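Colleague: Next up, run09.tsv (TSV, C-alpha atoms and all ligand atoms).
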chain	number	residue	atom	x	y	z
Y	1374	MET	CA	27.48	-92.82	-12.15
Y	1375	PRO	CA	23.65	-92.66	-12.18
Y	1376	MET	CA	22.07	-93.56	-15.50
Y	1377	ARG	CA	20.60	-90.69	-17.51
Y	1378	CYS	CA	17.32	-90.45	-19.42
Y	1379	LYS	CA	17.55	-91.45	-23.05
Y	1380	PHE	CA	16.05	-88.15	-24.18
Y	1381	CYS	CA	17.42	-85.58	-21.72
Y	1382	GLU	CA	20.12	-85.04	-19.14
Y	1383	LYS	CA	17.98	-85.86	-16.10
Y	1384	PRO	CA	18.71	-88.87	-13.90
Y	1385	ALA	CA	16.78	-91.96	-14.92
Y	1386	PHE	CA	13.60	-92.78	-13.00
Y	1387	ILE	CA	12.89	-96.15	-14.59
Y	1388	LYS	CA	14.70	-98.73	-16.66
Y	1389	LEU	CA	12.44	-100.25	-19.28
Y	1390	HIS	CA	13.40	-103.70	-20.43
Y	1391	TYR	CA	11.40	-103.86	-23.63
Y	1392	PRO	CA	12.26	-101.68	-25.44
Y	1393	ARG	CA	15.44	-101.27	-23.42
Y	1394	MET	CA	15.87	-97.69	-22.21
Y	1395	TYR	CA	16.24	-95.44	-19.21
Y	1396	LEU	CA	13.75	-92.60	-18.80
Y	1397	CYS	CA	13.19	-89.63	-16.49
Y	1398	PRO	CA	9.67	-89.14	-15.00
Y	1399	GLU	CA	8.60	-86.66	-17.71
Y	1400	HIS	CA	9.78	-88.74	-20.63
Y	1401	PHE	CA	8.39	-91.91	-19.08
Y	1402	THR	CA	5.01	-90.17	-18.68
Y	1403	GLU	CA	5.13	-89.12	-22.32
Y	1404	TYR	CA	6.05	-92.67	-23.39
Y	1405	PHE	CA	3.21	-94.16	-21.32
Y	1406	GLU	CA	0.55	-91.79	-22.62
Y	1407	ARG	CA	1.67	-92.24	-26.21
Y	1408	LYS	CA	1.32	-95.97	-25.75
Y	1409	VAL	CA	-2.24	-95.64	-24.41
Y	1410	LYS	CA	-3.09	-93.36	-27.32
Y	1411	ARG	CA	-1.67	-95.87	-29.76
Y	1412	THR	CA	-3.63	-98.72	-28.13
Y	1413	ILE	CA	-6.84	-96.70	-28.51
Y	1414	GLU	CA	-6.08	-96.04	-32.18
Y	1415	ARG	CA	-4.75	-99.48	-33.09
Y	1416	TYR	CA	-7.69	-101.39	-31.67
Y	1417	LYS	CA	-10.23	-98.63	-32.46
Y	1418	LEU	CA	-11.35	-98.46	-28.85
Y	1419	LEU	CA	-12.89	-94.99	-28.84
Y	1420	LYS	CA	-14.07	-92.16	-31.02
Y	1421	PRO	CA	-13.21	-88.67	-29.73
Y	1422	ASP	CA	-16.76	-87.68	-28.79
Y	1423	GLU	CA	-17.81	-90.86	-27.04
Y	1424	ARG	CA	-18.93	-90.80	-23.39
Y	1425	VAL	CA	-16.88	-93.19	-21.30
Y	1426	LEU	CA	-17.68	-94.73	-17.94
Y	1427	VAL	CA	-14.45	-95.73	-16.15
Y	1428	VAL	CA	-14.90	-98.40	-13.49
Y	1429	VAL	CA	-12.66	-97.33	-10.62
Y	1430	SER	CA	-11.90	-99.79	-7.85
Y	1431	GLY	CA	-9.61	-97.54	-5.80
Y	1432	GLY	CA	-6.59	-99.50	-7.07
Y	1433	LYS	CA	-3.77	-98.34	-9.33
Y	1434	ASP	CA	-4.88	-99.68	-12.73
Y	1435	SER	CA	-8.30	-98.07	-12.88
Y	1436	ALA	CA	-6.99	-94.85	-11.30
Y	1437	VAL	CA	-4.34	-94.58	-14.01
Y	1438	THR	CA	-6.91	-95.43	-16.72
Y	1439	ALA	CA	-9.17	-92.57	-15.59
Y	1440	TYR	CA	-6.22	-90.19	-15.26
Y	1441	VAL	CA	-4.82	-90.86	-18.74
Y	1442	LEU	CA	-8.20	-90.85	-20.52
Y	1443	LYS	CA	-8.99	-87.49	-18.93
Y	1444	LYS	CA	-5.56	-86.15	-19.89
Y	1445	LEU	CA	-6.06	-87.33	-23.47
Y	1446	GLY	CA	-9.25	-85.25	-23.56
Y	1447	TYR	CA	-11.95	-87.93	-23.35
Y	1448	ASP	CA	-15.34	-87.25	-21.81
Y	1449	ILE	CA	-15.27	-89.51	-18.76
Y	1450	GLU	CA	-17.29	-90.21	-15.63
Y	1451	CYS	CA	-16.38	-92.83	-13.04
Y	1452	LEU	CA	-18.27	-95.61	-11.32
Y	1453	HIS	CA	-17.15	-97.25	-8.09
Y	1454	ILE	CA	-18.81	-100.48	-7.01
Y	1455	ASN	CA	-18.50	-100.93	-3.26
Y	1456	LEU	CA	-18.50	-104.71	-2.89
Y	1457	GLY	CA	-19.30	-104.73	0.83
Y	1458	ILE	CA	-16.14	-106.63	1.77
Y	1459	GLY	CA	-15.65	-105.06	5.22
Y	1460	GLU	CA	-12.86	-102.58	5.75
Y	1461	TYR	CA	-11.24	-103.39	2.44
Y	1462	SER	CA	-14.27	-102.01	0.58
Y	1463	GLU	CA	-14.56	-98.95	2.82
Y	1464	LYS	CA	-10.94	-98.02	2.12
Y	1465	SER	CA	-11.33	-98.72	-1.58
Y	1466	GLU	CA	-14.28	-96.32	-1.75
Y	1467	GLU	CA	-12.27	-93.63	0.05
Y	1468	TYR	CA	-9.49	-93.93	-2.52
Y	1469	ALA	CA	-11.91	-93.86	-5.45
Y	1470	LYS	CA	-13.44	-90.66	-4.07
Y	1471	ARG	CA	-10.05	-89.02	-3.60
Y	1472	GLN	CA	-8.87	-90.01	-7.08
Y	1473	CYS	CA	-11.97	-88.59	-8.77
Y	1474	GLU	CA	-11.86	-85.41	-6.71
Y	1475	ALA	CA	-8.24	-84.86	-7.69
Y	1476	LEU	CA	-9.16	-85.42	-11.33
Y	1477	GLY	CA	-12.30	-83.31	-11.18
Y	1478	VAL	CA	-14.53	-85.98	-12.72
Y	1479	PRO	CA	-17.99	-87.08	-11.53
Y	1480	LEU	CA	-18.02	-90.26	-9.46
Y	1481	HIS	CA	-21.05	-92.53	-9.11
Y	1482	ILE	CA	-21.10	-95.08	-6.31
Y	1483	VAL	CA	-23.12	-98.29	-6.19
Y	1484	ARG	CA	-23.02	-100.21	-2.90
Y	1485	VAL	CA	-23.70	-103.91	-3.31
Y	1486	LYS	CA	-24.74	-104.46	0.30
Y	1487	GLU	CA	-27.25	-101.61	0.32
Y	1488	LEU	CA	-28.56	-102.58	-3.08
Y	1489	LEU	CA	-28.78	-106.36	-2.73
Y	1490	GLY	CA	-28.83	-107.01	1.02
Y	1491	HIS	CA	-25.50	-108.86	1.23
Y	1492	GLY	CA	-21.91	-107.95	0.57
Y	1493	ILE	CA	-19.64	-110.09	-1.59
Y	1494	GLY	CA	-18.53	-113.04	0.55
Y	1495	GLU	CA	-21.68	-112.93	2.70
Y	1496	VAL	CA	-24.01	-114.88	0.43
Y	1497	ARG	CA	-24.75	-118.48	1.36
Y	1498	THR	CA	-24.03	-120.23	-1.89
Y	1499	ARG	CA	-21.89	-123.00	-3.33
Y	1500	ARG	CA	-20.69	-120.69	-6.05
Y	1501	PRO	CA	-17.11	-119.46	-5.47
Y	1502	THR	CA	-16.93	-115.89	-4.17
Y	1503	CYS	CA	-14.90	-114.50	-7.07
Y	1504	SER	CA	-17.27	-116.07	-9.54
Y	1505	TYR	CA	-20.41	-114.30	-8.30
Y	1506	CYS	CA	-18.37	-111.18	-7.56
Y	1507	GLY	CA	-17.37	-111.04	-11.23
Y	1508	LEU	CA	-20.94	-111.69	-12.35
Y	1509	THR	CA	-22.19	-108.90	-10.07
Y	1510	LYS	CA	-19.58	-106.34	-11.12
Y	1511	ARG	CA	-20.03	-107.03	-14.85
Y	1512	TYR	CA	-23.79	-106.78	-14.60
Y	1513	ILE	CA	-23.73	-103.56	-12.56
Y	1514	PHE	CA	-21.24	-101.67	-14.70
Y	1515	ASN	CA	-22.95	-102.70	-17.92
Y	1516	LYS	CA	-26.45	-101.85	-16.69
Y	1517	PHE	CA	-25.24	-98.59	-15.17
Y	1518	ALA	CA	-23.64	-97.61	-18.48
Y	1519	TYR	CA	-26.71	-98.70	-20.45
Y	1520	ASP	CA	-29.20	-96.92	-18.16
Y	1521	ASN	CA	-27.20	-93.70	-18.39
Y	1522	GLY	CA	-26.41	-93.72	-22.10
Y	1523	PHE	CA	-22.64	-94.21	-21.98
Y	1524	ASP	CA	-20.94	-95.31	-25.21
Y	1525	ALA	CA	-18.23	-97.38	-23.54
Y	1526	VAL	CA	-17.10	-98.90	-20.25
Y	1527	ALA	CA	-13.35	-98.70	-19.59
Y	1528	THR	CA	-11.61	-101.03	-17.16
Y	1529	GLY	CA	-8.04	-100.98	-15.87
Y	1530	HIS	CA	-6.82	-104.39	-17.14
Y	1531	ASN	CA	-3.12	-104.25	-17.91
Y	1532	LEU	CA	-0.80	-106.45	-19.95
Y	1533	ASP	CA	0.02	-108.70	-16.96
Y	1534	ASP	CA	-3.69	-109.31	-16.32
Y	1535	GLU	CA	-4.29	-110.19	-19.94
Y	1536	ALA	CA	-1.25	-112.41	-20.34
Y	1537	SER	CA	-2.04	-114.36	-17.16
Y	1538	PHE	CA	-5.71	-114.69	-18.14
Y	1539	ILE	CA	-4.79	-116.14	-21.54
Y	1540	PHE	CA	-2.11	-118.33	-20.01
Y	1541	SER	CA	-4.41	-119.79	-17.37
Y	1542	ASN	CA	-7.24	-120.35	-19.83
Y	1543	LEU	CA	-4.87	-122.11	-22.18
Y	1544	MET	CA	-3.70	-124.33	-19.35
Y	1545	HIS	CA	-7.31	-125.29	-18.67
Y	1546	TRP	CA	-8.31	-125.28	-22.36
Y	1547	ASN	CA	-11.19	-122.91	-21.70
Y	1548	THR	CA	-11.60	-122.28	-25.40
Y	1549	GLN	CA	-14.92	-120.48	-24.92
Y	1550	TYR	CA	-13.18	-117.79	-22.87
Y	1551	LEU	CA	-10.26	-117.64	-25.28
Y	1552	ALA	CA	-12.64	-116.81	-28.10
Y	1553	LYS	CA	-13.86	-113.66	-26.41
Y	1554	GLN	CA	-10.86	-111.99	-24.80
Y	1555	GLY	CA	-9.20	-108.79	-26.05
Y	1556	PRO	CA	-8.80	-105.02	-25.71
Y	1557	LEU	CA	-12.24	-104.38	-27.25
Y	1558	THR	CA	-15.58	-106.08	-26.78
Y	1559	PRO	CA	-17.91	-104.35	-29.20
Y	1560	GLY	CA	-21.30	-103.22	-27.94
Y	1561	GLU	CA	-24.33	-105.19	-29.01
Y	1562	GLY	CA	-27.92	-104.45	-28.12
Y	1563	LYS	CA	-28.01	-103.74	-24.39
Y	1564	PHE	CA	-24.37	-104.75	-23.97
Y	1565	VAL	CA	-22.31	-101.57	-23.88
Y	1566	LYS	CA	-18.86	-101.66	-25.53
Y	1567	LYS	CA	-16.00	-102.63	-23.15
Y	1568	ILE	CA	-12.48	-101.29	-23.60
Y	1569	LYS	CA	-9.08	-101.81	-21.95
Y	1570	PRO	CA	-6.84	-98.79	-22.65
Y	1571	LEU	CA	-3.89	-100.21	-20.63
Y	1572	TYR	CA	-3.88	-103.42	-22.67
Y	1573	GLU	CA	-0.25	-103.07	-23.75
Y	1574	LEU	CA	1.24	-101.66	-20.54
Y	1575	THR	CA	2.78	-103.82	-17.85
Y	1576	GLU	CA	1.85	-103.68	-14.20
Y	1577	ARG	CA	5.32	-102.36	-13.43
Y	1578	GLU	CA	4.80	-99.48	-15.87
Y	1579	VAL	CA	1.39	-98.69	-14.38
Y	1580	VAL	CA	2.89	-98.53	-10.86
Y	1581	ALA	CA	5.68	-96.28	-12.15
Y	1582	TYR	CA	3.21	-93.99	-13.94
Y	1583	ALA	CA	1.14	-93.61	-10.74
Y	1584	LEU	CA	4.30	-92.77	-8.82
Y	1585	ALA	CA	5.58	-90.28	-11.40
Y	1586	ASN	CA	2.24	-88.48	-11.48
Y	1587	GLY	CA	1.35	-88.50	-7.78
Y	1588	ILE	CA	-1.67	-90.75	-8.17
Y	1589	GLU	CA	-2.70	-92.25	-4.83
Y	1590	TYR	CA	-4.27	-95.68	-4.74
Y	1591	HIS	CA	-5.30	-98.54	-2.47
Y	1592	ILE	CA	-2.38	-100.95	-2.31
Y	1593	GLU	CA	-4.14	-103.73	-0.41
Y	1594	GLU	CA	-5.43	-106.68	-2.40
Y	1595	CYS	CA	-8.97	-107.95	-1.94
Y	1596	PRO	CA	-8.89	-110.58	0.85
Y	1597	HIS	CA	-10.51	-113.09	-1.54
Y	1598	ALA	CA	-7.67	-112.70	-4.05
Y	1599	ARG	CA	-5.20	-114.47	-1.77
Y	1600	GLY	CA	-4.04	-117.73	-3.20
Y	1601	ALA	CA	-5.75	-117.07	-6.52
Y	1602	THR	CA	-4.16	-119.10	-9.28
Y	1603	THR	CA	-3.96	-116.04	-11.55
Y	1604	LEU	CA	-1.30	-114.69	-9.18
Y	1605	GLU	CA	0.76	-117.84	-9.71
Y	1606	PHE	CA	0.48	-117.48	-13.46
Y	1607	LYS	CA	1.62	-113.87	-13.12
Y	1608	GLU	CA	4.69	-115.02	-11.21
Y	1609	VAL	CA	5.63	-117.54	-13.88
Y	1610	LEU	CA	5.20	-114.93	-16.61
Y	1611	ASN	CA	7.31	-112.44	-14.64
Y	1612	GLU	CA	10.11	-114.96	-14.36
Y	1613	MET	CA	10.00	-115.55	-18.08
Y	1614	GLU	CA	9.88	-111.82	-18.78
Y	1615	GLU	CA	13.05	-111.40	-16.67
Y	1616	LYS	CA	14.89	-113.90	-18.79
Y	1617	ARG	CA	13.38	-112.90	-22.09
Y	1618	PRO	CA	12.11	-109.31	-22.15
Y	1619	GLY	CA	9.08	-108.96	-24.40
Y	1620	THR	CA	7.63	-112.37	-23.52
Y	1621	LYS	CA	4.31	-110.97	-22.28
Y	1622	ILE	CA	3.60	-108.55	-25.11
Y	1623	ASN	CA	4.60	-111.07	-27.77
Y	1624	PHE	CA	2.47	-113.75	-26.13
Y	1625	VAL	CA	-0.59	-111.48	-26.03
Y	1626	LYS	CA	-0.12	-110.15	-29.55
Y	1627	GLY	CA	0.35	-113.67	-30.86
Y	1628	TYR	CA	-2.87	-114.66	-29.15
Y	1629	LEU	CA	-4.77	-111.80	-30.80
Y	1630	ARG	CA	-3.52	-112.97	-34.19
Y	1631	LYS	CA	-4.62	-116.54	-33.50
Y	1632	LYS	CA	-7.82	-115.82	-31.63
Y	1633	HIS	CA	-9.96	-116.77	-34.63
Y	1634	ILE	CA	-8.99	-120.40	-34.03
Y	1635	PHE	CA	-10.96	-120.36	-30.81
Y	1636	GLU	CA	-13.93	-118.56	-32.29
Y	1637	ALA	CA	-14.93	-121.77	-34.05
Y	1638	GLU	CA	-15.53	-123.24	-30.59
Y	1639	LEU	CA	-18.09	-120.64	-29.60
Y	1640	GLU	CA	-21.48	-122.13	-29.01
Y	1641	GLU	CA	-24.30	-120.17	-30.55
Y	1642	VAL	CA	-26.52	-118.98	-27.76
Y	1643	GLU	CA	-29.68	-117.27	-28.58
Y	1644	LEU	CA	-30.23	-114.29	-26.34
Y	1645	ARG	CA	-33.59	-113.15	-25.18
Y	1646	GLU	CA	-34.68	-110.59	-22.63
Y	1647	CYS	CA	-34.56	-111.45	-18.94
Y	1648	LYS	CA	-38.10	-111.60	-17.60
Y	1649	VAL	CA	-37.11	-109.56	-14.55
Y	1650	CYS	CA	-34.71	-106.88	-15.77
Y	1651	GLY	CA	-35.05	-106.93	-19.56
Y	1652	MET	CA	-31.31	-107.32	-20.10
Y	1653	PRO	CA	-29.91	-109.97	-22.51
Y	1654	SER	CA	-30.08	-113.49	-21.14
Y	1655	SER	CA	-29.69	-117.04	-22.38
Y	1656	GLY	CA	-32.47	-118.29	-20.10
Y	1657	GLU	CA	-35.81	-116.91	-19.03
Y	1658	VAL	CA	-34.18	-115.04	-16.12
Y	1659	CYS	CA	-30.59	-113.75	-16.41
Y	1660	SER	CA	-27.88	-115.17	-14.16
Y	1661	PHE	CA	-27.63	-111.95	-12.15
Y	1662	CYS	CA	-31.35	-111.73	-11.32
Y	1663	ARG	CA	-31.36	-115.48	-10.63
Y	1664	PHE	CA	-28.36	-115.34	-8.32
Y	1665	TRP	CA	-29.64	-112.36	-6.33
Y	1666	ARG	CA	-33.27	-113.58	-6.49
Y	1667	LEU	CA	-34.53	-110.31	-7.86
Y	1668	GLU	CA	-38.16	-109.73	-8.60
Y	1669	GLU	CA	-37.82	-106.12	-9.74
Y	1670	PRO	CA	-35.23	-104.68	-12.09
Y	1671	LEU	CA	-32.48	-102.45	-10.72
Y	1672	ASP	CA	-32.67	-98.92	-12.02
Y	1673	PHE	CA	-29.38	-97.03	-12.18
Y	1674	ARG	CA	-30.60	-93.94	-13.98
Y	1675	VAL	CA	-28.94	-90.94	-12.37
Y	1676	ARG	CA	-31.24	-88.34	-13.87
Y	1677	LYS	CA	-34.69	-89.86	-13.71
Y	1678	ASP	CA	-36.71	-87.92	-16.27
Y	1701	LIG	S1	-13.31	-111.10	-7.90
Y	1701	LIG	FE1	-12.61	-112.02	-6.03
Y	1701	LIG	FE2	-11.70	-109.80	-7.14
Y	1701	LIG	FE3	-14.20	-109.87	-6.29
Y	1701	LIG	S2	-13.96	-111.17	-4.53
Y	1701	LIG	FE4	-12.18	-109.84	-4.51
Y	1701	LIG	S3	-10.68	-111.04	-5.61
Y	1701	LIG	S4	-12.75	-108.29	-5.92
Y	1701	LIG	S5	-10.80	-108.83	-8.87
Y	1702	ZN	ZN	14.05	-87.22	-19.88
Y	1703	ZN	ZN	-32.12	-109.99	-15.19
Can you present the structure in this file as structure tokens?
Modeller:
Amino acid sequence: MPMRCKFCEKPAFIKLHYPRMYLCPEHFTEYFERKVKRTIERYKLLKPDERVLVVVSGGKDSAVTAYVLKKLGYDIECLHINLGIGEYSEKSEEYAKRQCEALGVPLHIVRVKELLGHGIGEVRTRRPTCSYCGLTKRYIFNKFAYDNGFDAVATGHNLDDEASFIFSNLMHWNTQYLAKQGPLTPGEGKFVKKIKPLYELTEREVVAYALANGIEYHIEECPHARGATTLEFKEVLNEMEEKRPGTKINFVKGYLRKKHIFEAELEEVELRECKVCGMPSSGEVCSFCRFWRLEEPLDFRVRKD
């Protein structure tokens, strides 16, 4: 006999392991959205009238983030950063456009190759690709949000991402990183607040939510992600979650309670303004302007008054 939803007579669509229950698509959707709402309240991520910029990659996590924030009534716009990684980036942009059209929210697109002359993976440098990719994305979404007066930047990080990030940084004793991780990075000066509304939802739940709500997304992984160690950490955590449901959420919540231990390790860096772009920097020129050898600041203002 097929299993039935815990709350109605419909056949089950998903079996949750923690808490253990079977749910139909409607009740699963309700459960998921309630959890996002609770995350926003618990960690004080957003006030109702704040303007949010959602960074959409074309993938499932950011698509679901935009979808749920819109459904919960937040004032959102989306930003897609086309990384210039061949066909992968072209497809990603197509998906981002489709997702925002379906949602009826404005989409802004920044293309790295047009803007900076090279796509990610095309720069001749000794720096690992994912390292300068991360630097580039973080700089662009923060500056875009700052230039256009957004109150917050939302990203699609889910519980699996967070648990594997903490796990891998513990394994390498990167205490500096461990001091700064979490669902909320408060804004400060020209750094716009960063939030992760899917912080307590697993990847499996995000996939199921997209499926239950007809959200299309780019399934392909970035070609540079292959062999990334974070994927191995995710596998280990998944195995543990199988055996002991609740491992990931308890690990992450425990970390948040103990995070202050790592804060003592933070080195005080005095920030000044980058000589080129005016954004916060520890040196004379910020790492973004230095890496891309910029001589003029990038201006992302959409309405240039
Ligand atoms: S960092 Fe690396 Fe990702 Fe950039 S190069 Fe691709 S895998 S997209 S999250
Ligand atoms: Zn039901
Ligand atoms: Zn700069």
Colleague: Show me which residues line ligand ZN 1702 (chain Y), defined as having an atom within 7 Å of a ligand atom where only C-alpha atoms and all ligand atoms count, and present them as a PyMOL selection string.
Modeller: chain Y and resi 1378-1383+1396-1400
Colleague: My list of candidates is Y:Ala1527, Y:Leu1389, Y:Ala1439, Y:Ala1601. Which is closest to ligand LIG 1701 (chain Y) when distances are computed with all atoms listed in the file?
Modeller: Y:Ala1601
Colleague: When the cut-off is 10 Å and you count all atoms listed in the file, which residues lie near ligand LIG 1701 (chain Y), shown as a list in words?
Modeller: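 Result of the 10 Å neighbour search around ligand LIG 1701 (chain Y): Ser1430, Ile1454, Asn1455, Leu1456, Gly1457, Ile1458, Tyr1461, Ser1462, Gly1492, Ile1493, Gly1494, Pro1501, Thr1502, Cys1503, Ser1504, Tyr1505, Cys1506, Gly1507, Leu1508, Thr1509, Lys1510, Glu1594, Cys1595, Pro1596, His1597, Ala1598, Arg1599, Gly1600 and Ala1601 of chain Y.
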Colleague: Could the residues in this selection be saved with C-alpha atoms as a CSV table (one decimal), in the frame of the given file?
Modeller:
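Output below, filename part_14.csv:
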chain,number,residue,atom,x,y,z
Y,1430,SER,CA,-11.9,-99.8,-7.8
Y,1454,ILE,CA,-18.8,-100.5,-7.0
Y,1455,ASN,CA,-18.5,-100.9,-3.3
Y,1456,LEU,CA,-18.5,-104.7,-2.9
Y,1457,GLY,CA,-19.3,-104.7,0.8
Y,1458,ILE,CA,-16.1,-106.6,1.8
Y,1461,TYR,CA,-11.2,-103.4,2.4
Y,1462,SER,CA,-14.3,-102.0,0.6
Y,1492,GLY,CA,-21.9,-108.0,0.6
Y,1493,ILE,CA,-19.6,-110.1,-1.6
Y,1494,GLY,CA,-18.5,-113.0,0.6
Y,1501,PRO,CA,-17.1,-119.5,-5.5
Y,1502,THR,CA,-16.9,-115.9,-4.2
Y,1503,CYS,CA,-14.9,-114.5,-7.1
Y,1504,SER,CA,-17.3,-116.1,-9.5
Y,1505,TYR,CA,-20.4,-114.3,-8.3
Y,1506,CYS,CA,-18.4,-111.2,-7.6
Y,1507,GLY,CA,-17.4,-111.0,-11.2
Y,1508,LEU,CA,-20.9,-111.7,-12.4
Y,1509,THR,CA,-22.2,-108.9,-10.1
Y,1510,LYS,CA,-19.6,-106.3,-11.1
Y,1594,GLU,CA,-5.4,-106.7,-2.4
Y,1595,CYS,CA,-9.0,-108.0,-1.9
Y,1596,PRO,CA,-8.9,-110.6,0.8
Y,1597,HIS,CA,-10.5,-113.1,-1.5
Y,1598,ALA,CA,-7.7,-112.7,-4.0
Y,1599,ARG,CA,-5.2,-114.5,-1.8
Y,1600,GLY,CA,-4.0,-117.7,-3.2
Y,1601,ALA,CA,-5.8,-117.1,-6.5
Colleague: Output, as lines of an AutoDock Vina configuration file, the centre and edge lengths in Å (one decimal) of the axis-aligned box that contains all listed atoms of segment 1499-1508 of chain Y with 5 Å of margin on each side.
Modeller:
center_x = -18.4
center_y = -117.0
center_z = -7.8
size_x = 17.0
size_y = 22.0
size_z = 19.0
Colleague: Can you tell me how far atom CA of Leu1543 of chain Y sits from atom CA of Phe1624 of chain Y, in Å to one decimal?
Modeller: 11.8 Å
Colleague: Given the choices Y:Leu1532, Y:Ile1588, Y:Met1394, Y:Leu1604, which gets closest to Glu1573 of chain Y if the distance is worked out from only C-alpha atoms?
Modeller: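 Using only C-alpha atoms, Glu1573 of chain Y sits closest to Y:Leu1532.
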Colleague: Between atom CA of Val1428 of chain Y and atom CA of Arg1415 of chain Y, what is the distance, to one decimal in Å?
Modeller: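 Between atom CA of Val1428 of chain Y and atom CA of Arg1415 of chain Y the gap is 22.1 Å.
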Colleague: Using only C-alpha atoms, which residues of segment 1453-1558 of chain Y come within 9 Å of segment 1420-1424 of chain Y, and what is the closest atom pair for each, with the distance in Å to one decimal? Give it as CSV, sorted by chain and residue number.
Modeller:
residue,atom,partner,partner_atom,distance
Y:Gly1522,CA,Y:Arg1424,CA,8.1
Y:Phe1523,CA,Y:Arg1424,CA,5.2
Y:Asp1524,CA,Y:Arg1424,CA,5.3
Y:Ala1525,CA,Y:Arg1424,CA,6.6
Y:Val1526,CA,Y:Arg1424,CA,8.9
Colleague: Please identify all protein, DNA and RNA residues within 7 Å of ligand ZN 1703 (chain Y), counting only C-alpha atoms and all ligand atoms, and report them as a ChimeraX atom specification.
Modeller: /Y:1647-1652,1658-1662,1670
Colleague: Check the smallest atom-to-atom distance from each of Y:Arg1511, Y:His1491, Y:Arg1484, Y:His1530 to Asp1434 of chain Y using only C-alpha atoms, then report the winner.
Modeller: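 Using only C-alpha atoms, Asp1434 of chain Y sits closest to Y:His1530.
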Colleague: So, with all atoms listed in the file as the atoms that count, which of Y:Gly1587, Y:Gly1432, Y:Pro1556, Y:Pro1392 lies closest to Ala1536 of chain Y?
Modeller: Y:Pro1556
Colleague: Quick check, in Å to one decimal: how far apart do atom CA of Tyr1590 of chain Y and atom CA of Ser1435 of chain Y lie?
Modeller: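 Answer for the atom CA of Tyr1590 of chain Y to atom CA of Ser1435 of chain Y separation: 9.4 Å.
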Colleague: Of the candidates Y:Glu1608, Y:Asp1520, Y:Glu1578, Y:Glu1657, which shows the shortest atom-to-atom distance to Glu1406 of chain Y, using all atoms listed in the file?
Modeller: Y:Glu1578
Colleague: Considering only C-alpha atoms, return as a list in words whatever protein or nucleic-acid residues lie within 9 Å of Glu1589 of chain Y, sequence-local ones (same chain, fewer than 2 positions apart) excluded.
Modeller: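 With the cut-off at 9 Å, the set is Gly1431, Gly1432, Lys1433, Ala1436, Tyr1468, Arg1471, Gln1472, Ala1583, Leu1584, Gly1587 and His1591 of chain Y.
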Colleague: Rank Y:Phe1386, Y:Phe1514, Y:Phe1401, Y:Phe1635 by their smallest atom-to-atom distance to Val1429 of chain Y, using all atoms listed in the file, and report the top residue only.
Modeller: Y:Phe1514
Colleague: Could you list as an MDAnalysis selection string every residue that has an atom within 12 Å of (-6.6, -115.9, -29.6), using the file's coordinates and counting only C-alpha atoms?
Modeller: chainID Y and resid 1535:1536 1538:1540 1542:1543 1546:1556 1624:1638
Colleague: Contacts of Tyr1519 of chain Y at 8 Å or less, counting only C-alpha atoms, minus same-chain residues fewer than 5 places along, as a list of chain:residue names?
Modeller: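 Contacts, in chain order: Y:Lys1563, Y:Phe1564, Y:Val1565.
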